[in-house]
>>> print(open('structure30.txt').read())   # compact mmCIF, C-alpha atoms
# COMPACT_ATOMS: atom_id res chain seq x y z
CA MET A 17 2.64 -43.33 7.38
CA ASN A 18 5.81 -44.61 5.76
CA ILE A 19 8.49 -42.28 4.58
CA ASN A 20 8.95 -43.01 0.91
CA ALA A 21 9.66 -41.36 -2.43
CA THR A 22 6.56 -39.21 -1.95
CA LEU A 23 8.89 -37.03 0.09
CA ILE A 24 11.04 -36.24 -2.93
CA ALA A 25 8.09 -35.78 -5.25
CA GLN A 26 6.49 -33.51 -2.70
CA ALA A 27 9.68 -31.45 -2.40
CA ILE A 28 9.90 -31.09 -6.19
CA MET A 29 6.27 -30.05 -6.38
CA PHE A 30 6.86 -27.53 -3.62
CA ALA A 31 9.87 -26.11 -5.44
CA LEU A 32 7.84 -25.79 -8.65
CA PHE A 33 5.00 -24.00 -6.90
CA VAL A 34 7.42 -21.64 -5.19
CA TRP A 35 9.17 -20.96 -8.48
CA PHE A 36 5.91 -20.28 -10.25
CA CYS A 37 4.71 -18.05 -7.45
CA MET A 38 7.99 -16.15 -7.46
CA ARG A 39 7.96 -15.79 -11.24
CA PHE A 40 4.33 -15.11 -12.12
CA VAL A 41 2.28 -14.36 -9.02
CA TRP A 42 4.22 -12.25 -6.55
CA PRO A 43 5.85 -9.55 -8.72
CA PRO A 44 2.76 -8.40 -10.69
CA ILE A 45 0.53 -8.23 -7.64
CA VAL A 46 3.08 -6.49 -5.46
CA GLY A 47 3.87 -4.21 -8.41
CA ALA A 48 0.20 -3.33 -8.75
CA LEU A 49 -0.02 -2.72 -5.00
CA GLU A 50 3.01 -0.44 -5.07
CA ALA A 51 1.73 1.38 -8.13
CA ARG A 52 -1.64 1.92 -6.50
CA LYS A 53 0.01 3.12 -3.32
CA LYS A 54 1.99 5.61 -5.39
CA GLN A 55 -1.13 6.65 -7.28
CA ILE A 56 -2.99 7.30 -4.06
CA ALA A 57 -0.06 9.18 -2.58
CA ASP A 58 0.20 11.26 -5.76
CA GLY A 59 -3.52 11.93 -5.66
CA LEU A 60 -3.35 13.05 -2.06
CA ALA A 61 -0.36 15.24 -2.79
CA ALA A 62 -2.17 16.76 -5.77
CA ALA A 63 -5.22 17.43 -3.61
CA ASP A 64 -3.01 19.08 -1.02
CA ARG A 65 -1.34 21.13 -3.68
CA GLY A 66 -4.74 22.14 -5.07
CA LYS A 67 -5.92 23.18 -1.64
CA HIS A 68 -2.76 25.15 -1.07
CA GLU A 69 -3.12 26.85 -4.44
CA LEU A 70 -6.73 27.69 -3.67
CA GLU A 71 -5.63 29.30 -0.44
CA LEU A 72 -2.95 31.24 -2.27
CA ALA A 73 -5.42 32.37 -4.92
CA ALA A 74 -7.88 33.49 -2.27
CA LYS A 75 -5.10 35.40 -0.58
CA ARG A 76 -4.05 36.95 -3.87
CA ALA A 77 -7.63 37.92 -4.62
CA THR A 78 -7.99 39.60 -1.24
CA GLU A 79 -4.72 41.38 -1.77
CA SER A 80 -5.62 42.67 -5.21
CA MET A 81 -9.02 43.77 -3.94
CA HIS A 82 -7.33 45.66 -1.16
CA ASP A 83 -4.90 47.19 -3.68
CA ALA A 84 -7.75 48.26 -5.90
CA LYS A 85 -9.49 49.90 -2.98
CA VAL A 86 -6.34 51.74 -2.01
CA ARG A 87 -5.78 52.81 -5.59
CA ALA A 88 -9.37 54.01 -5.95
CA SER A 89 -9.20 56.08 -2.80
CA GLU A 90 -5.86 57.47 -3.94
CA ILE A 91 -7.35 58.43 -7.27
CA ILE A 92 -10.32 60.06 -5.58
CA ALA A 93 -8.03 61.98 -3.27
CA GLN A 94 -5.92 63.08 -6.20
CA ALA A 95 -8.98 64.16 -8.12
CA GLU A 96 -10.24 66.15 -5.17
CA LYS A 97 -6.90 67.78 -4.78
CA ARG A 98 -6.77 68.56 -8.47
CA SER A 99 -10.24 70.07 -8.47
CA ALA A 100 -9.39 72.20 -5.47
CA GLN A 101 -6.25 73.27 -7.27
CA ILE A 102 -8.21 74.15 -10.40
CA ILE A 103 -10.70 76.14 -8.41
CA ASP A 104 -7.90 77.95 -6.66
CA GLU A 105 -6.19 78.68 -9.93
CA ALA A 106 -9.42 79.97 -11.42
CA LYS A 107 -9.95 82.14 -8.37
CA ASN A 108 -6.46 83.52 -8.63
CA THR A 109 -6.79 84.16 -12.32
CA ALA A 110 -10.09 85.88 -11.80
CA LYS A 111 -8.71 88.01 -9.03
CA ALA A 112 -5.68 88.94 -11.14
CA GLU A 113 -7.88 89.73 -14.08
CA GLY A 114 -10.16 91.82 -11.92
CA GLU A 115 -7.26 93.75 -10.55
CA ARG A 116 -5.83 94.21 -14.00
CA MET A 117 -9.16 95.49 -15.24
CA LEU A 118 -9.45 97.75 -12.23
CA VAL A 119 -6.02 99.16 -12.85
CA ALA A 120 -6.84 99.70 -16.52
CA ALA A 121 -10.11 101.36 -15.65
CA ARG A 122 -8.42 103.53 -13.12
CA ALA A 123 -5.72 104.50 -15.65
CA GLU A 124 -8.36 105.31 -18.23
CA MET A 125 -10.21 107.31 -15.70
CA GLU A 126 -7.09 109.25 -14.84
CA GLN A 127 -6.43 109.81 -18.50
CA ASP A 128 -9.97 111.03 -18.99
CA VAL A 129 -9.63 113.34 -16.03
CA PHE A 130 -6.30 114.60 -17.38
CA ARG A 131 -7.80 115.08 -20.82
CA ALA A 132 -10.84 116.82 -19.41
CA ARG A 133 -8.58 119.05 -17.37
CA GLU A 134 -6.50 119.82 -20.43
CA GLN A 135 -9.64 120.65 -22.35
CA LEU A 136 -10.94 122.64 -19.48
CA ARG A 137 -7.60 124.46 -19.21
CA GLY A 138 -7.71 125.16 -22.91
CA HIS A 139 -11.27 126.44 -22.58
CA VAL A 140 -10.41 128.54 -19.52
CA ALA A 141 -7.38 129.97 -21.33
CA GLU A 142 -9.51 130.72 -24.36
CA LEU A 143 -12.16 132.26 -22.16
CA VAL A 144 -9.54 134.27 -20.35
CA VAL A 145 -7.94 135.25 -23.61
CA ALA A 146 -11.31 136.08 -25.10
CA GLY A 147 -12.13 138.15 -21.98
CA ALA A 148 -8.77 139.75 -21.99
CA GLU A 149 -9.02 140.32 -25.73
CA LYS A 150 -12.27 142.05 -25.18
CA VAL A 151 -10.72 144.06 -22.44
CA LEU A 152 -7.54 144.78 -24.21
CA ARG A 153 -8.99 145.18 -27.63
CA ARG A 154 -9.70 148.51 -26.63
CA GLU A 155 -6.36 149.15 -25.20
CA VAL A 156 -3.79 146.74 -26.39
CA ASP A 157 -2.77 145.00 -29.49
CA ALA A 158 -3.41 141.34 -29.12
CA LYS A 159 -0.37 140.44 -30.99
CA ALA A 160 1.89 142.56 -28.93
CA HIS A 161 0.86 140.83 -25.78
CA ALA A 162 0.69 137.34 -27.09
CA ASP A 163 3.90 136.30 -25.31
CA LEU A 164 2.56 137.53 -22.07
CA LEU A 165 -0.70 135.74 -22.57
CA ASP A 166 1.01 132.47 -23.43
CA ALA A 167 3.07 132.67 -20.27
CA ILE A 168 -0.09 133.09 -18.26
CA LYS A 169 -1.77 130.25 -20.12
CA ASN A 170 1.12 127.95 -19.22
CA GLU A 171 0.94 128.84 -15.61
CA LEU A 172 -2.66 127.76 -15.39
CA MET B 28 -18.67 -56.53 21.04
CA SER B 29 -15.37 -57.87 19.82
CA ALA B 30 -16.60 -57.58 16.24
CA GLU B 31 -17.54 -53.98 16.97
CA ALA B 32 -14.07 -53.26 18.38
CA HIS B 33 -12.53 -54.94 15.39
CA THR B 34 -14.39 -52.77 12.95
CA SER B 35 -13.53 -49.65 14.95
CA THR B 36 -9.87 -50.54 14.79
CA GLU B 37 -10.17 -51.25 11.11
CA TYR B 38 -12.00 -47.98 10.56
CA ILE B 39 -9.23 -46.05 12.25
CA LYS B 40 -6.48 -47.95 10.49
CA HIS B 41 -8.24 -47.52 7.20
CA HIS B 42 -8.35 -43.78 7.70
CA LEU B 43 -4.68 -43.57 8.62
CA GLN B 44 -3.35 -45.44 5.59
CA ASN B 45 -2.24 -43.59 2.48
CA LEU B 46 -3.02 -44.80 -1.00
CA THR B 47 0.44 -46.16 -1.77
CA TYR B 48 1.66 -47.20 -5.19
CA GLY B 49 4.88 -49.13 -5.21
CA LYS B 50 6.79 -52.22 -6.15
CA LEU B 51 6.34 -55.56 -4.45
CA PRO B 52 9.06 -58.17 -4.85
CA ALA B 53 8.61 -61.56 -6.48
CA GLY B 54 7.38 -64.26 -4.17
CA TYR B 55 5.56 -61.75 -2.00
CA GLN B 56 2.31 -62.90 -0.47
CA ARG B 57 -0.46 -60.35 -1.13
CA TYR B 58 -3.21 -59.42 1.33
CA ASP B 59 -5.53 -61.96 -0.27
CA GLY B 60 -2.99 -64.79 -0.11
CA GLU B 61 -1.93 -64.47 -3.75
CA ILE B 62 1.78 -65.11 -4.27
CA LEU B 63 3.44 -62.79 -6.79
CA GLN B 64 5.33 -64.51 -9.63
CA ALA B 65 7.39 -61.45 -10.57
CA LYS B 66 8.02 -58.09 -8.99
CA THR B 67 4.97 -55.95 -9.54
CA TRP B 68 4.06 -52.25 -9.40
CA THR B 69 0.72 -52.06 -7.70
CA LEU B 70 -1.45 -50.32 -5.10
CA ALA B 71 -0.92 -51.45 -1.54
CA HIS B 72 -4.02 -53.10 -0.14
CA SER B 73 -2.83 -53.29 3.46
CA PRO B 74 -0.57 -51.23 5.70
CA GLN B 75 1.87 -54.13 5.69
CA GLU B 76 2.09 -54.08 1.91
CA ALA B 77 2.69 -50.35 1.95
CA LYS B 78 5.48 -50.87 4.41
CA ASP B 79 7.05 -53.69 2.39
CA MET B 80 7.17 -51.49 -0.70
CA GLY B 81 10.08 -49.70 0.88
CA PHE B 82 11.26 -46.26 -0.12
CA VAL B 83 10.45 -46.43 -3.83
CA ALA B 84 6.74 -45.95 -3.43
CA PHE B 85 4.38 -43.05 -3.88
CA ASN B 86 1.46 -41.94 -1.79
CA LEU B 87 -0.86 -41.13 -4.64
CA ASP B 88 -3.46 -39.44 -2.44
CA THR B 89 -0.94 -37.08 -0.86
CA LEU B 90 0.59 -36.26 -4.22
CA GLY B 91 -2.70 -35.92 -6.05
CA ILE B 92 -4.54 -33.80 -3.52
CA SER B 93 -1.58 -31.53 -2.82
CA LEU B 94 -1.01 -31.16 -6.56
CA VAL B 95 -4.64 -30.23 -7.14
CA LEU B 96 -4.61 -27.78 -4.24
CA GLY B 97 -1.28 -26.26 -5.27
CA ALA B 98 -2.50 -25.93 -8.84
CA LEU B 99 -5.67 -24.29 -7.55
CA PHE B 100 -3.56 -21.83 -5.59
CA ILE B 101 -1.39 -21.07 -8.61
CA PHE B 102 -4.43 -20.80 -10.84
CA LEU B 103 -6.39 -18.45 -8.59
CA PHE B 104 -3.46 -16.23 -7.69
CA GLY B 105 -1.97 -16.39 -11.17
CA ARG B 106 -5.24 -15.31 -12.75
CA VAL B 107 -5.41 -12.31 -10.44
CA ALA B 108 -1.74 -11.53 -11.03
CA LYS B 109 -2.24 -11.62 -14.80
CA LYS B 110 -4.84 -8.88 -14.77
CA ALA B 111 -3.68 -7.06 -11.67
CA SER B 112 -4.59 -3.42 -12.04
CA THR B 113 -3.91 -0.35 -10.00
CA GLY B 114 -7.57 0.62 -10.14
CA VAL B 115 -10.16 -0.17 -7.52
CA PRO B 116 -9.69 -3.88 -6.77
CA THR B 117 -12.72 -6.11 -7.01
CA GLY B 118 -13.62 -9.56 -5.69
CA GLY B 119 -10.78 -11.98 -6.24
CA GLN B 120 -8.13 -9.32 -6.56
CA ASN B 121 -9.23 -7.82 -3.28
CA PHE B 122 -8.86 -11.14 -1.51
CA VAL B 123 -5.53 -11.97 -3.12
CA GLU B 124 -4.17 -8.52 -2.31
CA TRP B 125 -5.31 -8.92 1.26
CA VAL B 126 -3.44 -12.24 1.57
CA ILE B 127 -0.36 -10.85 -0.13
CA GLU B 128 -0.24 -7.77 2.06
CA PHE B 129 -0.57 -9.98 5.12
CA ILE B 130 2.35 -12.15 3.95
CA ASP B 131 4.35 -9.10 2.94
CA ASN B 132 3.91 -7.56 6.39
CA SER B 133 4.98 -10.82 8.06
CA VAL B 134 8.08 -11.00 5.88
CA ARG B 135 8.93 -7.35 6.46
CA GLY B 136 8.49 -7.88 10.18
CA SER B 137 10.73 -10.93 10.48
CA PHE B 138 13.13 -10.87 7.57
CA THR B 139 15.82 -8.20 7.66
CA GLY B 140 17.87 -9.25 4.63
CA ARG B 141 17.16 -8.60 0.98
CA ASN B 142 16.00 -11.63 -0.94
CA PRO B 143 13.19 -11.55 -3.51
CA MET B 144 12.56 -15.25 -3.00
CA VAL B 145 11.48 -15.19 0.63
CA ALA B 146 8.11 -13.49 0.24
CA PRO B 147 6.83 -15.72 -2.61
CA LEU B 148 8.14 -18.71 -0.68
CA ALA B 149 6.22 -17.61 2.39
CA LEU B 150 3.08 -17.01 0.33
CA THR B 151 3.27 -20.46 -1.26
CA ILE B 152 3.88 -22.12 2.09
CA PHE B 153 1.05 -20.31 3.81
CA VAL B 154 -1.62 -20.77 1.17
CA TRP B 155 -0.65 -24.29 0.19
CA ILE B 156 -0.45 -25.57 3.76
CA PHE B 157 -3.64 -23.76 4.61
CA MET B 158 -5.46 -25.45 1.75
CA MET B 159 -4.01 -28.85 2.57
CA ASN B 160 -4.91 -28.46 6.23
CA PHE B 161 -8.34 -27.25 5.26
CA MET B 162 -9.11 -30.64 3.71
CA ASP B 163 -9.36 -31.75 7.33
CA LEU B 164 -12.61 -29.83 7.64
CA MET B 165 -14.22 -31.88 4.89
CA PRO B 166 -16.54 -34.42 6.46
CA ILE B 167 -14.21 -37.24 7.22
CA ASP B 168 -15.77 -39.98 5.10
CA TRP B 169 -16.64 -38.03 2.00
CA ILE B 170 -13.43 -38.24 0.04
CA PRO B 171 -12.45 -41.75 1.22
CA GLY B 172 -16.04 -42.77 0.50
CA VAL B 173 -15.82 -41.52 -3.07
CA ALA B 174 -12.46 -43.28 -3.41
CA GLU B 175 -13.95 -46.51 -2.16
CA GLY B 176 -16.70 -46.13 -4.72
CA LEU B 177 -13.99 -45.81 -7.37
CA GLY B 178 -12.38 -49.03 -6.14
CA LEU B 179 -9.37 -47.51 -4.39
CA PRO B 180 -8.37 -49.34 -1.23
CA TYR B 181 -7.37 -46.28 0.77
CA LEU B 182 -7.47 -42.53 0.59
CA LYS B 183 -6.29 -39.94 3.03
CA ALA B 184 -7.79 -36.56 2.26
CA VAL B 185 -5.37 -34.39 4.22
CA PRO B 186 -1.88 -34.30 2.69
CA THR B 187 -0.39 -32.68 5.79
CA THR B 188 -1.25 -35.76 7.86
CA ASP B 189 1.32 -37.55 5.71
CA PRO B 190 4.84 -36.88 7.06
CA ASN B 191 6.14 -37.15 3.50
CA ALA B 192 4.40 -33.91 2.63
CA THR B 193 5.52 -32.00 5.72
CA PHE B 194 9.08 -33.32 5.54
CA GLY B 195 9.13 -32.64 1.83
CA MET B 196 8.54 -28.97 2.55
CA SER B 197 10.66 -28.69 5.67
CA ILE B 198 13.66 -30.37 4.00
CA SER B 199 13.32 -28.00 1.06
CA VAL B 200 13.32 -25.12 3.50
CA PHE B 201 16.31 -26.66 5.30
CA LEU B 202 18.25 -26.90 2.04
CA LEU B 203 17.50 -23.23 1.40
CA VAL B 204 18.73 -22.41 4.91
CA LEU B 205 21.97 -24.31 4.25
CA TYR B 206 22.37 -22.70 0.81
CA TYR B 207 21.89 -19.16 2.07
CA SER B 208 24.02 -19.78 5.17
CA VAL B 209 26.93 -20.77 2.96
CA LYS B 210 26.19 -18.08 0.39
CA MET B 211 25.97 -15.26 2.92
CA LYS B 212 28.67 -16.29 5.39
CA GLY B 213 30.91 -18.39 3.20
CA VAL B 214 31.81 -21.99 4.03
CA GLY B 215 34.25 -20.80 6.70
CA GLY B 216 31.72 -18.50 8.29
CA PHE B 217 29.07 -21.18 8.40
CA VAL B 218 31.43 -23.82 9.79
CA GLY B 219 32.67 -21.25 12.29
CA GLU B 220 29.14 -20.57 13.37
CA LEU B 221 28.65 -24.26 13.94
CA THR B 222 31.88 -24.86 15.84
CA LEU B 223 33.12 -21.69 17.52
CA GLN B 224 30.14 -20.74 19.63
CA PRO B 225 28.87 -20.56 22.28
CA PHE B 226 32.04 -21.73 24.09
CA GLY B 227 34.92 -20.55 21.93
CA LYS B 228 37.38 -22.75 20.07
CA PHE B 229 38.36 -24.89 23.07
CA GLY B 230 34.82 -26.18 23.42
CA LEU B 231 34.72 -27.21 19.77
CA PRO B 232 33.17 -30.72 20.03
CA PHE B 233 30.57 -29.49 22.46
CA ASN B 234 29.81 -26.48 20.27
CA LEU B 235 29.45 -28.69 17.23
CA PHE B 236 27.09 -30.98 19.11
CA LEU B 237 24.93 -28.09 20.36
CA GLU B 238 24.80 -26.22 17.08
CA GLY B 239 24.34 -29.44 15.13
CA VAL B 240 21.30 -30.38 17.19
CA ASN B 241 20.10 -26.82 16.84
CA LEU B 242 20.45 -26.99 13.07
CA ILE B 243 18.89 -30.43 12.61
CA ALA B 244 16.05 -29.56 14.97
CA LYS B 245 14.85 -26.89 12.54
CA PRO B 246 13.53 -29.07 9.71
CA VAL B 247 12.51 -31.87 12.05
CA SER B 248 10.49 -29.65 14.36
CA LEU B 249 9.03 -27.75 11.41
CA ALA B 250 7.73 -30.92 9.78
CA LEU B 251 6.72 -32.77 12.94
CA ARG B 252 4.83 -29.81 14.39
CA LEU B 253 2.62 -29.52 11.35
CA PHE B 254 2.28 -33.26 10.93
CA GLY B 255 1.56 -33.83 14.62
CA ASN B 256 -1.09 -31.16 14.83
CA MET B 257 -2.91 -32.23 11.71
CA TYR B 258 -2.57 -35.92 12.51
CA ALA B 259 -3.96 -35.41 16.00
CA GLY B 260 -6.81 -33.29 14.64
CA GLU B 261 -7.62 -35.92 12.05
CA MET B 262 -7.50 -38.59 14.73
CA ILE B 263 -10.01 -36.73 16.85
CA PHE B 264 -12.33 -36.38 13.87
CA ILE B 265 -12.03 -40.13 13.34
CA LEU B 266 -12.81 -40.85 16.98
CA ILE B 267 -15.78 -38.51 16.93
CA ALA B 268 -17.00 -40.21 13.76
CA LEU B 269 -16.85 -43.55 15.57
CA MET B 270 -19.61 -42.42 17.94
CA GLY B 271 -22.17 -42.36 15.18
CA ALA B 272 -20.78 -45.59 13.81
CA ALA B 273 -21.84 -47.26 17.06
CA TRP B 274 -25.44 -46.91 15.89
CA THR B 275 -27.34 -50.03 16.89
CA GLY B 276 -30.88 -49.08 15.96
CA PHE B 277 -33.27 -46.57 17.43
CA SER B 278 -32.48 -46.31 21.12
CA VAL B 279 -31.74 -43.54 23.57
CA GLY B 280 -28.04 -44.48 23.67
CA SER B 281 -27.62 -44.48 19.91
CA ALA B 282 -29.48 -41.23 19.52
CA THR B 283 -27.34 -39.61 22.21
CA LEU B 284 -24.17 -40.82 20.51
CA PHE B 285 -25.38 -39.61 17.14
CA GLY B 286 -26.29 -36.20 18.56
CA SER B 287 -22.95 -36.03 20.35
CA GLN B 288 -21.13 -36.77 17.13
CA ILE B 289 -22.82 -33.90 15.36
CA LEU B 290 -22.18 -31.47 18.20
CA LEU B 291 -18.63 -32.62 18.83
CA SER B 292 -17.56 -32.63 15.22
CA LEU B 293 -19.08 -29.18 14.81
CA GLY B 294 -17.23 -27.92 17.88
CA TRP B 295 -13.97 -29.56 16.90
CA ALA B 296 -14.28 -28.32 13.32
CA ILE B 297 -14.76 -24.75 14.52
CA PHE B 298 -11.77 -25.09 16.81
CA HIS B 299 -9.85 -26.77 14.04
CA ILE B 300 -10.27 -23.75 11.75
CA LEU B 301 -8.01 -21.99 14.20
CA ILE B 302 -5.44 -24.80 14.16
CA VAL B 303 -5.52 -25.05 10.38
CA THR B 304 -4.72 -21.36 10.00
CA LEU B 305 -2.34 -21.24 12.93
CA GLN B 306 -0.23 -24.16 11.73
CA ALA B 307 0.04 -22.71 8.25
CA PHE B 308 1.06 -19.40 9.79
CA ILE B 309 3.59 -21.00 12.14
CA PHE B 310 5.21 -22.96 9.34
CA MET B 311 5.47 -19.79 7.26
CA THR B 312 6.78 -17.60 10.08
CA LEU B 313 9.38 -20.13 11.15
CA THR B 314 10.53 -20.50 7.56
CA ILE B 315 11.00 -16.75 7.36
CA VAL B 316 12.81 -16.67 10.69
CA TYR B 317 15.14 -19.55 9.77
CA LEU B 318 15.97 -17.89 6.46
CA ASP B 319 16.54 -14.61 8.27
CA MET B 320 18.98 -16.36 10.62
CA ALA B 321 20.70 -17.86 7.59
CA HIS B 322 21.14 -14.36 6.16
CA GLN B 323 22.56 -12.82 9.32
CA GLU B 324 26.18 -12.86 10.32
CA HIS B 325 25.43 -13.63 13.98
CA HIS B 326 22.20 -14.64 15.54
>>> encode(input="structure30.txt", output="structure tokens")
Amino acid sequence: MNINATLIAQAIMFALFVWFCMRFVWPPIVGALEARKKQIADGLAAADRGKHELELAAKRATESMHDAKVRASEIIAQAEKRSAQIIDEAKNTAKAEGERMLVAARAEMEQDVFRAREQLRGHVAELVVAGAEKVLRREVDAKAHADLLDAIKNEL
Amino acid sequence: MSAEAHTSTEYIKHHLQNLTYGKLPAGYQRYDGEILQAKTWTLAHSPQEAKDMGFVAFNLDTLGISLVLGALFIFLFGRVAKKASTGVPTGGQNFVEWVIEFIDNSVRGSFTGRNPMVAPLALTIFVWIFMMNFMDLMPIDWIPGVAEGLGLPYLKAVPTTDPNATFGMSISVFLLVLYYSVKMKGVGGFVGELTLQPFGKFGLPFNLFLEGVNLIAKPVSLALRLFGNMYAGEMIFILIALMGAAWTGFSVGSATLFGSQILLSLGWAIFHILIVTLQAFIFMTLTIVYLDMAHQEHH
């Protein structure tokens, strides 16, 4: 229980242990602890980021699905419209064609009627002339009355 | 009965004497009556001899055991530090990291300055003192018994029951406090702190007295607290051990004493685990606090 030089030796030993601890023990372990803390924090952050990205991707997927649906219905609507248009156009064309054909037929008909009438008129005139010739042959020279007969023919 | 008392006294004295190696002067009469012809370096064989060796003497048991324990601390922690990895810690690394985080939290909680030395200092103090205190929980006669078998006159197993060990640490801490006080505040600042408060410059002598006592009380209380606690604990172990030593053959009284010794030393050992840890913790915390005060401009 005496105070003696042990005190000094003990103090030196203490200083050496502290120095060693400060030099070789504390920094690597605390460094490892810090590094692990950082690693864990990074891992957690990465996990968070991953989760966030997953959410975003899901949202994007939903959006693009929605877009596709909208586009599809648009396309269908357009197609329907187009088909209706085509049908309409065809109808119109057909109608126009029909009318055109009708008009042509009618014109032909009129022409035929006109031609028939012309023929008929020619025939009638010939008949009349033949009749009149027969009548007049006895009395009149056909050539002398040709002008008269032509005038009559034109009036018919 | 008187012989019994004598041996009890001797037993206690024997347990309280360090193994001291020092120089005895020429003409000194040894414990066995031998008169030394020349001055001799030798082991003290009685408390009186240890005392007569004066200051230039070494308590080999204190030095040896604390050296072994300190080396064990450095070895265990150093081995972990060498292969410290950031992966999943296993076994030893887990334990060491747990201790270091505990120390680190204590330092962060009490120390506001920036000094890379404080935390390793606190770690060394805590673990070393804890290990030295823990020797107290060894059955009290084991290590001295082995020493006696080896022919050593004395051996005290607990270095912290030697004031040399506790003062050795507390004076080192005190020197650090002085060093950092001067380094942080300058000589003028430190002297001012000692002389100009709490009563201003007109109360200078009184201030100096108060602050001087305050300053000196730090290392003294630090060392004496640890020493006193461990010494008292050791003493109680010794007294409990005496109960079984009063064995006088198979009788109810002896059996009761023997049983009491087992129960009491068990109870005291369990309680002592608390003291062992607490004293190590107190020494560490106070060291941190004193150093923190040394780093601050005003406390």
>>> closest_atom_pairs(input="structure30.txt", of="chain A", to="chain B", cutoff="12 Å", atoms="only C-alpha atoms", output="Markdown table")
| residue | atom | partner | partner_atom | distance |
| --- | --- | --- | --- | --- |
| A:Met17 | CA | B:Asp189 | CA | 6.2 |
| A:Asn18 | CA | B:Lys78 | CA | 6.4 |
| A:Ile19 | CA | B:Asn191 | CA | 5.7 |
| A:Asn20 | CA | B:Phe82 | CA | 4.1 |
| A:Ala21 | CA | B:Val83 | CA | 5.3 |
| A:Thr22 | CA | B:Phe85 | CA | 4.8 |
| A:Leu23 | CA | B:Asn191 | CA | 4.4 |
| A:Ile24 | CA | B:Gly195 | CA | 6.3 |
| A:Ala25 | CA | B:Leu90 | CA | 7.6 |
| A:Gln26 | CA | B:Gly195 | CA | 5.3 |
| A:Ala27 | CA | B:Gly195 | CA | 4.4 |
| A:Ile28 | CA | B:Gly195 | CA | 8.2 |
| A:Met29 | CA | B:Leu94 | CA | 7.4 |
| A:Phe30 | CA | B:Met196 | CA | 6.6 |
| A:Ala31 | CA | B:Ser199 | CA | 7.6 |
| A:Leu32 | CA | B:Gly97 | CA | 9.7 |
| A:Phe33 | CA | B:Gly97 | CA | 6.9 |
| A:Val34 | CA | B:Leu148 | CA | 5.4 |
| A:Trp35 | CA | B:Leu148 | CA | 8.2 |
| A:Phe36 | CA | B:Ile101 | CA | 7.5 |
| A:Cys37 | CA | B:Pro147 | CA | 5.8 |
| A:Met38 | CA | B:Pro147 | CA | 5.0 |
| A:Arg39 | CA | B:Pro147 | CA | 8.7 |
| A:Phe40 | CA | B:Gly105 | CA | 6.5 |
| A:Val41 | CA | B:Gly105 | CA | 5.2 |
| A:Trp42 | CA | B:Pro147 | CA | 5.9 |
| A:Pro43 | CA | B:Ala108 | CA | 8.2 |
| A:Pro44 | CA | B:Ala108 | CA | 5.5 |
| A:Ile45 | CA | B:Ala108 | CA | 5.2 |
| A:Val46 | CA | B:Ile127 | CA | 7.7 |
| A:Gly47 | CA | B:Ala111 | CA | 8.7 |
| A:Ala48 | CA | B:Thr113 | CA | 5.2 |
| A:Leu49 | CA | B:Thr113 | CA | 6.8 |
| A:Glu50 | CA | B:Thr113 | CA | 8.5 |
| A:Ala51 | CA | B:Thr113 | CA | 6.2 |
| A:Arg52 | CA | B:Thr113 | CA | 4.7 |
| A:Lys53 | CA | B:Thr113 | CA | 8.5 |
| A:Lys54 | CA | B:Thr113 | CA | 9.6 |
| A:Gln55 | CA | B:Thr113 | CA | 8.0 |
| A:Ile56 | CA | B:Thr113 | CA | 9.7 |
>>> atom_distance(input="structure30.txt", atom1="CA of Val173 in chain B", atom2="CA of Tyr38 in chain B")
15.6 Å
>>> axis_aligned_box(input="structure30.txt", around="range 243-248 of chain B", padding_each_side="6 Å", output="AutoDock Vina command-line options")
--center_x 14.7 --center_y -29.4 --center_z 12.3 --size_x 20.4 --size_y 17.0 --size_z 17.3
>>> atom_distance(input="structure30.txt", atom1="CA of Asp88 in chain B", atom2="CA of Ala184 in chain B")
7.0 Å
>>> atom_distance(input="structure30.txt", atom1="CA of Val154 in chain B", atom2="CA of Val204 in chain B")
20.8 Å
>>> closest_residue(input="structure30.txt", among="A:Glu171, A:Glu96, A:Glu71, A:Glu115", to="Ala141 in chain A", atoms="only C-alpha atoms")
A:Glu171
>>> residues_around(input="structure30.txt", residues="range 209-226 of chain B", least_positions_apart="4", cutoff="8 Å", atoms="all atoms listed in the file", output="count of residues only")
13
>>> closest_atom_pairs(input="structure30.txt", of="range 161-184 of chain B", to="range 274-294 of chain B", cutoff="12 Å", atoms="all atoms listed in the file", output="CSV")
residue,atom,partner,partner_atom,distance
B:Asp163,CA,B:Ser292,CA,11.4
B:Leu164,CA,B:Ser292,CA,9.5
B:Met165,CA,B:Ser292,CA,10.9
B:Pro166,CA,B:Ser292,CA,9.0
B:Ile167,CA,B:Ser292,CA,9.8
>>> residues_around(input="structure30.txt", residues="Ala53 in chain B", least_positions_apart="3", cutoff="12 Å", atoms="all atoms listed in the file", output="list in words")
Lys50, Gln56, Arg57, Glu61, Ile62, Leu63, Gln64, Ala65, Lys66, Thr67, Trp68, Asp79 and Met80 of chain B
>>> write_last_selection(input="structure30.txt", atoms="C-alpha atoms", output="compact mmCIF listing (two decimals), keeping the file's coordinate frame")
# COMPACT_ATOMS: atom_id res chain seq x y z
CA LYS B 50 6.79 -52.22 -6.15
CA GLN B 56 2.31 -62.90 -0.47
CA ARG B 57 -0.46 -60.35 -1.13
CA GLU B 61 -1.93 -64.47 -3.75
CA ILE B 62 1.78 -65.11 -4.27
CA LEU B 63 3.44 -62.79 -6.79
CA GLN B 64 5.33 -64.51 -9.63
CA ALA B 65 7.39 -61.45 -10.57
CA LYS B 66 8.02 -58.09 -8.99
CA THR B 67 4.97 -55.95 -9.54
CA TRP B 68 4.06 -52.25 -9.40
CA ASP B 79 7.05 -53.69 2.39
CA MET B 80 7.17 -51.49 -0.70
